[in-house]
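A.B. asks: Here you go, this is run08.tsv (TSV, C-alpha atoms).
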```
chain	number	residue	atom	x	y	z
A	1	MET	CA	183.53	89.00	119.75
A	2	LEU	CA	180.73	91.39	120.80
A	3	VAL	CA	182.73	94.44	119.72
A	4	LEU	CA	183.52	92.84	116.37
A	5	SER	CA	179.85	92.01	115.81
A	6	ALA	CA	178.87	95.58	116.63
A	7	ALA	CA	181.40	96.95	114.14
A	8	ILE	CA	180.19	94.69	111.33
A	9	ALA	CA	176.51	95.36	112.13
A	10	SER	CA	176.93	99.07	111.49
A	11	ALA	CA	176.51	99.60	107.75
A	12	SER	CA	176.19	103.25	108.20
A	13	LEU	CA	178.12	106.47	108.03
A	14	THR	CA	178.48	108.27	111.34
A	15	PHE	CA	177.25	111.86	111.22
A	16	GLU	CA	178.30	114.53	113.72
A	17	SER	CA	174.64	115.48	113.83
A	18	GLN	CA	171.63	114.28	111.87
A	19	LYS	CA	169.49	117.24	112.94
A	20	GLN	CA	170.29	120.91	112.49
A	21	ASP	CA	168.55	124.10	113.45
A	22	LEU	CA	169.36	127.13	111.35
A	23	HIS	CA	168.30	130.74	111.78
A	24	VAL	CA	167.95	132.35	108.37
A	25	PRO	CA	168.86	136.02	107.83
A	26	ALA	CA	165.87	137.88	106.39
A	27	GLU	CA	167.62	138.74	103.13
A	28	LYS	CA	168.66	135.18	102.26
A	29	LYS	CA	167.03	133.45	99.25
A	30	GLU	CA	168.69	130.10	99.82
A	31	MET	CA	170.47	128.35	102.65
A	32	GLU	CA	173.22	125.78	102.63
A	33	VAL	CA	173.36	123.15	105.34
A	34	LEU	CA	176.33	120.83	105.88
A	35	PHE	CA	176.28	117.36	107.40
A	36	PRO	CA	179.85	116.12	108.06
A	37	PHE	CA	180.32	112.37	108.48
A	38	LYS	CA	182.91	109.67	108.90
A	39	ASN	CA	182.88	105.99	108.01
A	40	GLU	CA	183.54	104.21	111.29
A	41	SER	CA	181.94	100.94	110.29
A	42	GLY	CA	185.13	99.00	109.73
A	43	GLU	CA	184.44	98.42	106.02
A	44	ARG	CA	183.65	100.30	102.82
A	45	VAL	CA	180.21	101.90	102.75
A	46	ALA	CA	178.51	103.17	99.60
A	47	ILE	CA	175.65	105.62	99.32
A	48	VAL	CA	173.25	103.66	97.11
A	49	GLU	CA	170.32	106.05	97.10
A	50	TYR	CA	169.55	109.57	98.18
A	51	ASP	CA	166.44	111.68	98.11
A	52	ALA	CA	165.72	115.26	99.01
A	53	PRO	CA	161.98	114.78	98.64
A	54	CYS	CA	161.10	118.44	98.40
A	55	THR	CA	161.90	119.99	95.03
A	56	CYS	CA	163.09	123.00	97.01
A	57	MET	CA	165.96	120.97	98.52
A	58	THR	CA	168.94	119.46	96.70
A	59	ALA	CA	171.76	117.31	98.07
A	60	ALA	CA	175.37	116.89	96.95
A	61	LEU	CA	178.76	115.94	98.31
A	62	LYS	CA	180.92	118.86	99.28
A	63	GLY	CA	184.32	118.94	97.67
A	64	GLY	CA	183.38	118.34	94.09
A	65	ARG	CA	182.27	114.72	94.18
A	66	LYS	CA	178.77	114.27	92.81
A	67	LEU	CA	176.28	112.36	94.95
A	68	LYS	CA	175.69	109.68	92.33
A	69	THR	CA	173.87	106.70	93.71
A	70	GLY	CA	175.80	103.46	93.78
A	71	SER	CA	179.13	104.95	92.83
A	72	VAL	CA	180.02	106.98	95.89
A	73	GLY	CA	181.84	104.83	98.39
A	74	PHE	CA	183.79	105.64	101.52
A	75	LEU	CA	186.58	103.50	102.89
A	76	ASP	CA	186.78	102.83	106.60
A	77	GLY	CA	188.04	106.01	108.25
A	78	GLU	CA	187.23	108.23	105.29
A	79	THR	CA	185.27	111.45	105.89
A	80	GLY	CA	182.87	113.47	103.78
A	81	VAL	CA	180.21	116.18	103.94
A	82	ILE	CA	176.68	116.06	102.58
A	83	ARG	CA	175.67	119.52	101.43
A	84	GLY	CA	172.00	120.42	101.28
A	85	LYS	CA	170.75	123.53	99.52
A	86	PHE	CA	167.31	124.83	100.36
A	87	GLU	CA	165.49	127.35	98.14
A	88	LEU	CA	163.56	129.55	100.53
A	89	GLY	CA	161.20	131.36	98.16
A	90	ASN	CA	158.84	133.56	100.15
A	91	LEU	CA	158.65	131.21	103.10
A	92	LYS	CA	158.44	132.60	106.62
A	93	GLY	CA	158.37	130.81	109.96
A	94	SER	CA	159.83	127.40	110.80
A	95	VAL	CA	160.18	124.79	108.07
A	96	THR	CA	161.71	121.31	108.42
A	97	LYS	CA	163.25	119.55	105.44
A	98	LYS	CA	164.90	116.13	105.12
A	99	ILE	CA	167.53	114.45	103.03
A	100	VAL	CA	167.18	110.68	103.07
A	101	LEU	CA	170.21	108.46	102.39
A	102	LYS	CA	170.42	104.70	101.91
A	103	THR	CA	173.78	103.06	102.43
A	104	ARG	CA	175.16	99.60	101.81
A	105	SER	CA	178.34	98.17	103.28
A	106	GLU	CA	180.71	95.81	101.56
A	107	SER	CA	179.24	92.95	103.61
A	108	GLY	CA	175.77	93.78	102.28
A	109	GLU	CA	174.30	95.48	105.34
A	110	GLU	CA	171.86	98.25	104.43
A	111	ASP	CA	170.86	101.29	106.40
A	112	SER	CA	168.61	104.30	105.94
A	113	LEU	CA	169.48	107.71	107.36
A	114	SER	CA	167.46	110.88	107.60
A	115	LEU	CA	169.26	114.23	107.77
A	116	GLU	CA	166.86	116.84	109.08
A	117	SER	CA	167.22	120.62	108.84
A	118	THR	CA	164.86	123.08	110.49
A	119	PHE	CA	165.05	126.57	109.05
A	120	HIS	CA	163.74	129.50	111.06
A	121	ILE	CA	162.88	132.36	108.70
A	122	PRO	CA	161.92	135.59	110.47
A	123	TYR	CA	158.55	137.28	110.20
A	124	LEU	CA	159.61	140.91	109.98
A	125	ILE	CA	156.00	141.94	109.62
A	126	ALA	CA	152.97	139.92	110.68
A	127	ALA	CA	149.23	140.21	111.19
A	128	PHE	CA	147.47	139.19	114.40
A	129	PRO	CA	145.15	137.40	113.94
A	130	ASN	CA	145.90	136.18	110.44
A	131	ALA	CA	142.24	135.52	109.74
A	132	LEU	CA	138.90	136.97	110.82
A	133	SER	CA	135.62	135.11	110.69
A	134	TRP	CA	131.95	135.67	111.20
A	135	HIS	CA	129.17	133.10	111.12
A	136	LEU	CA	126.16	133.37	108.85
A	137	GLY	CA	123.59	135.58	110.54
A	138	ASP	CA	126.04	137.17	112.99
A	139	ALA	CA	125.80	140.89	113.55
A	140	PRO	CA	128.16	142.43	110.96
A	141	GLU	CA	130.30	144.11	113.62
A	142	PRO	CA	133.81	145.34	112.94
A	143	LYS	CA	136.84	143.28	113.97
A	144	VAL	CA	140.46	144.38	114.21
A	145	ILE	CA	143.73	143.00	112.89
A	146	GLN	CA	146.93	144.28	114.44
A	147	ILE	CA	149.94	144.49	112.13
A	148	LEU	CA	153.32	144.55	113.86
A	149	VAL	CA	156.85	145.04	112.56
A	150	ASP	CA	159.64	143.22	114.36
A	151	HIS	CA	162.72	144.71	112.74
A	152	ASP	CA	165.39	147.38	113.32
A	153	GLU	CA	164.24	149.20	110.19
A	154	PRO	CA	160.64	150.43	109.81
A	155	ILE	CA	158.35	148.82	107.22
A	156	GLN	CA	155.63	151.12	105.93
A	157	ILE	CA	152.31	149.86	104.66
A	158	SER	CA	151.64	151.51	101.32
A	159	LYS	CA	148.35	149.90	100.30
A	160	VAL	CA	145.63	147.49	101.42
A	161	SER	CA	143.39	145.88	98.79
A	162	SER	CA	140.48	143.51	99.16
A	163	SER	CA	139.47	140.61	96.93
A	164	SER	CA	135.80	141.26	97.73
A	165	ASN	CA	133.55	144.29	97.80
A	166	GLN	CA	131.48	142.57	100.51
A	167	ILE	CA	133.84	143.91	103.18
A	168	SER	CA	135.15	147.36	104.01
A	169	HIS	CA	138.43	148.07	105.71
A	170	VAL	CA	140.11	151.03	107.41
A	171	LEU	CA	143.85	151.22	108.09
A	172	GLU	CA	145.14	153.27	111.02
A	173	THR	CA	148.78	153.98	111.78
A	174	VAL	CA	149.54	153.50	115.47
A	175	LYS	CA	153.30	153.86	115.18
A	176	PRO	CA	154.62	154.63	111.67
A	177	GLY	CA	156.65	151.73	110.29
A	178	TYR	CA	156.02	149.53	113.35
A	179	GLU	CA	152.37	149.21	114.31
A	180	TYR	CA	149.09	149.42	112.40
A	181	ARG	CA	145.44	148.62	113.03
A	182	LEU	CA	143.22	147.27	110.26
A	183	THR	CA	139.51	147.38	111.06
A	184	VAL	CA	137.37	145.09	108.90
A	185	THR	CA	133.58	145.18	108.63
A	186	PRO	CA	131.39	142.90	106.50
A	187	LYS	CA	128.52	144.63	104.73
A	188	SER	CA	126.32	141.67	105.58
A	189	THR	CA	126.65	138.13	106.94
A	190	ASP	CA	123.81	136.68	104.86
A	191	GLU	CA	126.09	134.82	102.45
A	192	PHE	CA	129.24	132.69	102.61
A	193	LEU	CA	132.43	134.59	101.98
A	194	PHE	CA	136.06	133.63	101.53
A	195	ALA	CA	138.11	136.74	100.84
A	196	ALA	CA	141.62	138.07	101.28
A	197	LEU	CA	143.07	141.41	102.24
A	198	ARG	CA	146.42	141.96	100.60
A	199	ILE	CA	148.71	144.33	102.48
A	200	ILE	CA	151.48	145.87	100.38
A	201	THR	CA	154.59	147.28	102.08
A	202	ASP	CA	157.57	149.38	101.02
A	203	SER	CA	160.00	146.51	101.75
A	204	GLN	CA	162.52	145.85	98.97
A	205	ASN	CA	162.67	142.20	100.00
A	206	PRO	CA	160.05	140.22	98.00
A	207	ARG	CA	159.42	138.02	101.05
A	208	TYR	CA	158.09	141.00	102.99
A	209	LYS	CA	156.65	142.99	100.09
A	210	SER	CA	153.16	141.75	100.87
A	211	LEU	CA	151.24	139.82	103.46
A	212	SER	CA	147.72	138.49	103.35
A	213	THR	CA	144.96	138.10	105.86
A	214	PHE	CA	141.79	136.11	105.26
A	215	ILE	CA	138.20	137.03	105.87
A	216	THR	CA	135.52	134.37	106.11
A	217	ILE	CA	131.79	134.21	106.65
A	218	LYS	CA	130.89	130.63	107.28
A	219	SER	CA	128.21	128.39	108.68
A	220	GLN	CA	128.35	126.87	112.15
A	221	GLN	CA	128.80	123.39	110.57
A	222	ALA	CA	131.92	121.20	110.75
A	223	ASN	CA	133.29	121.80	107.25
A	224	GLN	CA	133.76	125.48	107.81
B	1	MET	CA	189.38	99.06	68.70
B	2	LEU	CA	187.04	97.12	66.44
B	3	THR	CA	187.32	94.08	68.67
B	4	PHE	CA	186.43	96.24	71.68
B	5	ILE	CA	183.33	97.59	69.91
B	6	LYS	CA	182.27	94.07	68.91
B	7	GLN	CA	182.75	92.72	72.40
B	8	SER	CA	180.89	95.64	73.96
B	9	SER	CA	178.00	95.20	71.54
B	10	VAL	CA	177.73	91.49	72.38
B	11	LEU	CA	177.75	92.23	76.10
B	12	LEU	CA	175.10	94.93	75.66
B	13	GLY	CA	172.96	92.58	73.60
B	14	ILE	CA	173.16	89.86	76.22
B	15	THR	CA	172.30	92.32	78.98
B	16	LEU	CA	169.27	93.61	77.10
B	17	LEU	CA	168.12	90.07	76.37
B	18	LEU	CA	168.40	89.07	80.01
B	19	ALA	CA	166.57	92.23	81.09
B	20	GLY	CA	163.79	91.50	78.62
B	21	LEU	CA	163.44	87.91	79.82
B	22	LEU	CA	163.35	89.10	83.43
B	23	TYR	CA	160.60	91.58	82.56
B	24	LEU	CA	158.61	88.85	80.85
B	25	PHE	CA	158.78	86.62	83.89
B	26	THR	CA	158.39	89.16	86.68
B	27	GLY	CA	156.43	91.91	85.00
B	28	PRO	CA	156.94	95.67	85.55
B	29	VAL	CA	158.32	96.92	88.85
B	30	ASP	CA	155.62	97.53	91.43
B	31	ARG	CA	155.90	101.24	92.24
B	32	ARG	CA	152.79	101.45	94.40
B	33	VAL	CA	153.20	103.12	97.79
B	34	ALA	CA	152.05	100.89	100.62
B	35	CYS	CA	149.44	102.52	102.85
B	36	ASP	CA	147.49	101.43	105.92
B	37	GLN	CA	144.73	103.98	106.60
B	38	ALA	CA	144.24	102.76	110.16
B	39	ALA	CA	147.86	103.51	110.97
B	40	LEU	CA	147.79	107.09	109.64
B	41	ALA	CA	147.16	110.35	111.49
B	42	ALA	CA	143.57	111.64	111.29
B	43	ASP	CA	144.44	114.23	108.66
B	44	HIS	CA	146.31	111.83	106.35
B	45	LEU	CA	144.63	109.78	103.63
B	46	CYS	CA	145.74	106.82	101.55
B	47	LEU	CA	145.19	107.22	97.82
B	48	ALA	CA	142.91	104.18	97.95
B	49	THR	CA	140.74	105.93	100.56
B	50	VAL	CA	140.44	109.01	98.38
B	51	LEU	CA	139.46	106.92	95.36
B	52	GLU	CA	137.12	104.51	97.14
B	53	GLU	CA	135.54	106.33	100.08
B	54	TYR	CA	135.59	109.81	98.54
B	55	ARG	CA	135.18	108.39	95.01
B	56	GLY	CA	137.89	110.78	93.91
B	57	ASN	CA	135.49	113.69	94.53
B	58	VAL	CA	138.00	115.95	96.26
B	59	LEU	CA	139.73	119.18	95.42
B	60	TRP	CA	143.37	118.29	94.77
B	61	VAL	CA	145.99	120.79	95.90
B	62	ASP	CA	149.48	120.47	94.46
B	63	ALA	CA	152.13	121.76	96.90
B	64	ARG	CA	155.12	121.13	94.59
B	65	ASP	CA	156.89	123.76	92.51
B	66	LYS	CA	155.45	125.17	89.28
B	67	LYS	CA	157.76	123.12	87.03
B	68	SER	CA	156.65	119.82	88.57
B	69	TYR	CA	153.00	120.89	88.35
B	70	GLU	CA	153.28	121.84	84.70
B	71	ARG	CA	155.03	118.57	83.88
B	72	LYS	CA	152.15	116.56	85.32
B	73	HIS	CA	149.49	116.96	88.00
B	74	MET	CA	146.22	115.45	89.13
B	75	PRO	CA	143.39	116.56	86.84
B	76	GLY	CA	141.75	119.66	88.27
B	77	ALA	CA	144.46	120.22	90.89
B	78	ILE	CA	145.17	123.78	91.95
B	79	LEU	CA	148.78	124.84	92.49
B	80	VAL	CA	149.74	126.18	95.92
B	81	PRO	CA	153.54	125.85	96.04
B	82	GLU	CA	154.95	125.74	99.55
B	83	THR	CA	157.55	128.42	98.91
B	84	ASP	CA	154.87	130.95	97.88
B	85	ALA	CA	151.73	129.55	99.51
B	86	GLU	CA	150.49	132.81	100.98
B	87	ASN	CA	150.50	134.59	97.62
B	88	ALA	CA	149.09	131.56	95.79
B	89	LEU	CA	146.16	131.35	98.19
B	90	THR	CA	145.09	134.89	97.31
B	91	GLN	CA	144.89	134.21	93.56
B	92	PRO	CA	141.24	134.66	92.51
B	93	GLU	CA	140.89	131.24	90.83
B	94	VAL	CA	142.46	129.48	93.83
B	95	MET	CA	140.25	131.32	96.29
B	96	GLN	CA	137.18	130.57	94.22
B	97	GLN	CA	137.92	126.84	94.10
B	98	ILE	CA	138.75	126.59	97.79
B	99	GLY	CA	135.67	128.64	98.63
B	100	MET	CA	133.38	126.52	96.44
B	101	SER	CA	134.74	123.27	97.84
B	102	GLY	CA	134.20	124.55	101.36
B	103	VAL	CA	130.60	125.53	100.69
B	104	GLU	CA	129.87	122.21	98.96
B	105	GLY	CA	131.47	120.16	101.75
B	106	GLN	CA	134.14	118.77	99.46
B	107	ALA	CA	137.40	117.59	101.03
B	108	LEU	CA	140.73	119.17	100.11
B	109	VAL	CA	143.60	116.71	99.57
B	110	ILE	CA	147.11	118.08	99.36
B	111	TYR	CA	150.10	116.28	97.85
B	112	CYS	CA	153.78	117.06	97.44
B	113	GLY	CA	156.65	114.96	96.02
B	114	SER	CA	156.55	112.12	98.50
B	115	ASP	CA	155.88	111.39	102.12
B	116	ALA	CA	159.09	112.94	103.37
B	117	CYS	CA	158.88	116.28	101.56
B	118	GLY	CA	156.93	118.16	104.25
B	119	SER	CA	155.51	120.69	101.78
B	120	SER	CA	151.96	119.33	101.91
B	121	LYS	CA	151.95	119.63	105.72
B	122	HIS	CA	153.03	123.24	105.52
B	123	VAL	CA	150.45	124.11	102.85
B	124	ALA	CA	147.74	122.31	104.86
B	125	GLU	CA	148.56	124.49	107.87
B	126	LYS	CA	148.35	127.62	105.70
B	127	ILE	CA	144.95	126.64	104.28
B	128	ARG	CA	143.58	125.74	107.73
B	129	SER	CA	144.84	129.06	109.10
B	130	THR	CA	142.61	130.94	106.62
B	131	GLY	CA	139.72	129.69	108.73
B	132	PHE	CA	137.37	128.76	105.90
B	133	HIS	CA	138.04	125.11	105.19
B	134	SER	CA	138.46	122.45	107.86
B	135	LYS	CA	138.26	119.25	105.72
B	136	VAL	CA	141.92	119.50	104.79
B	137	PHE	CA	143.89	116.28	104.30
B	138	ILE	CA	147.39	115.25	103.30
B	139	LEU	CA	147.92	112.45	100.78
B	140	HIS	CA	150.16	109.72	102.18
B	141	GLY	CA	152.98	109.08	99.75
B	142	GLY	CA	152.36	112.28	97.79
B	143	TRP	CA	153.04	112.34	94.07
B	144	LYS	CA	154.95	109.05	94.37
B	145	ALA	CA	151.73	107.34	95.41
B	146	ILE	CA	149.80	108.90	92.53
B	147	ASP	CA	152.46	108.13	89.93
B	148	GLY	CA	153.04	104.61	91.19
B	149	SER	CA	149.32	103.76	91.20
B	150	GLY	CA	148.92	104.11	87.45
B	151	ILE	CA	145.67	106.08	87.78
B	152	LEU	CA	146.93	108.90	85.59
B	153	ALA	CA	147.71	106.45	82.79
B	154	GLN	CA	144.17	105.06	83.13
B	155	LYS	CA	142.65	108.53	82.87
B	156	GLN	CA	144.49	109.27	79.58
```
Show this structure as structure tokens.

C.D. replies:
Amino acid sequence: MLVLSAAIASASLTFESQKQDLHVPAEKKEMEVLFPFKNESGERVAIVEYDAPCTCMTAALKGGRKLKTGSVGFLDGETGVIRGKFELGNLKGSVTKKIVLKTRSESGEEDSLSLESTFHIPYLIAAFPNALSWHLGDAPEPKVIQILVDHDEPIQISKVSSSSNQISHVLETVKPGYEYRLTVTPKSTDEFLFAALRIITDSQNPRYKSLSTFITIKSQQANQ
Amino acid sequence: MLTFIKQSSVLLGITLLLAGLLYLFTGPVDRRVACDQAALAADHLCLATVLEEYRGNVLWVDARDKKSYERKHMPGAILVPETDAENALTQPEVMQQIGMSGVEGQALVIYCGSDACGSSKHVAEKIRSTGFHSKVFILHGGWKAIDGSGILAQKQ
């Protein structure tokens, strides 16, 4: 009796895993993630709603069947695969995206499932720290940003440009293609400043073609 | 064939009539996103909080893609799409608006498609990491909350 109740209570599809961790090769522009499942509920289960809330993520059924809400049903014992496609753009670092499914069994039981994918996109080149700040009235002393390349192939910095003429910057090459030092000095700290230094590289991959660091002069108060 | 068309037309007519009657009795579907400010994390805001406590005087940041932004967005919102946030943040007009809002003590409120999209969280982290603006919030419910509230229809 208990076993029967448990079988009926489950209105859901059983996924091999509802969470996946994927390491993205640097050259990839999109990633596909697969979530295999089986209907072990003892009755027919339909996918009545699905949502990949980020416009950068789409969901479909692998094998040609469209993921149309309300019309995709799975008999007891039937298997399927939800396929998610994630458009990476120029993202770097770790990003988690979800696909949310709502199911309904023949007996009317409803369930909500979240399929989570964490994508790890490598930083081939990065600045440490990513931002420099001074407070209003501070001595306008120079500060340093270290730029490191973590890649088999070297990445050369070809240009550094500033969004503001209130700061000066000097780029030094420590190890060509692998390590650089960027020394930044504000001309004065009398006024607020929010500026960016745009570092252009020789990478052919748009994701690593440029990186930005931010320069701020702010008050001691909470908002800044 | 003609009989089939006639029968289908009658069925369609009945369905539409029933739907219309249902609409008259129950009204339009309530698409508002439920939100309890007390239950949210410190850096999340309900739309009602933004409109009432902040009187809507915030800088809106749209973390969706360009197509969604161009289709419709909050008036005055700046576009910082998650997939190209770093580049977007260095655009002169974006920097100017973020800079001005920081100096004036105005809060930044970021939205993406819905609560589950994650893009607004990522963009919030990027903006905070620039070091200039600390009043950075995420809108609970995202664009779904805005669209479901009807405030854009009121503004038009």

A.B. asks: Work out how far atom CA of B:Gly105 is from atom CA of B:Gly150, in Å to one decimal.

C.D. replies: 27.7 Å

A.B. asks: Distance cut-off 10 Å, counting all atoms listed in the file - which residues of chain A neighbour chain B? Return them as an MDAnalysis selection string.

C.D. replies: chainID A and resid 51:57 87:92 94:100 114 129:133 162:163 192:198 207 210:219 221:224

A.B. asks: Can you work out which one of A:Val81, A:Leu136, A:Leu113, A:Leu171 has the shortest atom-to-atom distance to A:Pro186, counting only C-alpha atoms?

C.D. replies: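 Once distances to A:Pro186 are computed over only C-alpha atoms, the minimum belongs to A:Leu136.
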
A.B. asks: Could you tell me how far atom CA of A:Pro140 sits from atom CA of A:Arg181, in Å to one decimal place?

C.D. replies: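 Separation of atom CA of A:Arg181 and atom CA of A:Pro140: 18.5 Å.
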
A.B. asks: To one decimal place, how far is atom CA of A:Met31 from atom CA of A:Thr118 in Å?

C.D. replies: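 According to the coordinates, atom CA of A:Met31 and atom CA of A:Thr118 are separated by 11.0 Å.
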
A.B. asks: Which polymer residues have any atom within 7 Å of an atom of stretch 35-42 of chain A, counting only C-alpha atoms, with same-chain residues fewer than 6 positions away left out, as an MDAnalysis selection string?

C.D. replies: chainID A and resid 7:8 10:17 74:83

A.B. asks: Which residue out of A:Lys175, A:Lys143, A:Arg44, A:Lys159 has the minimum interatomic distance to A:Glu106 when all atoms listed in the file are used?

C.D. replies: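 Once distances to A:Glu106 are computed over all atoms listed in the file, the minimum belongs to A:Arg44.
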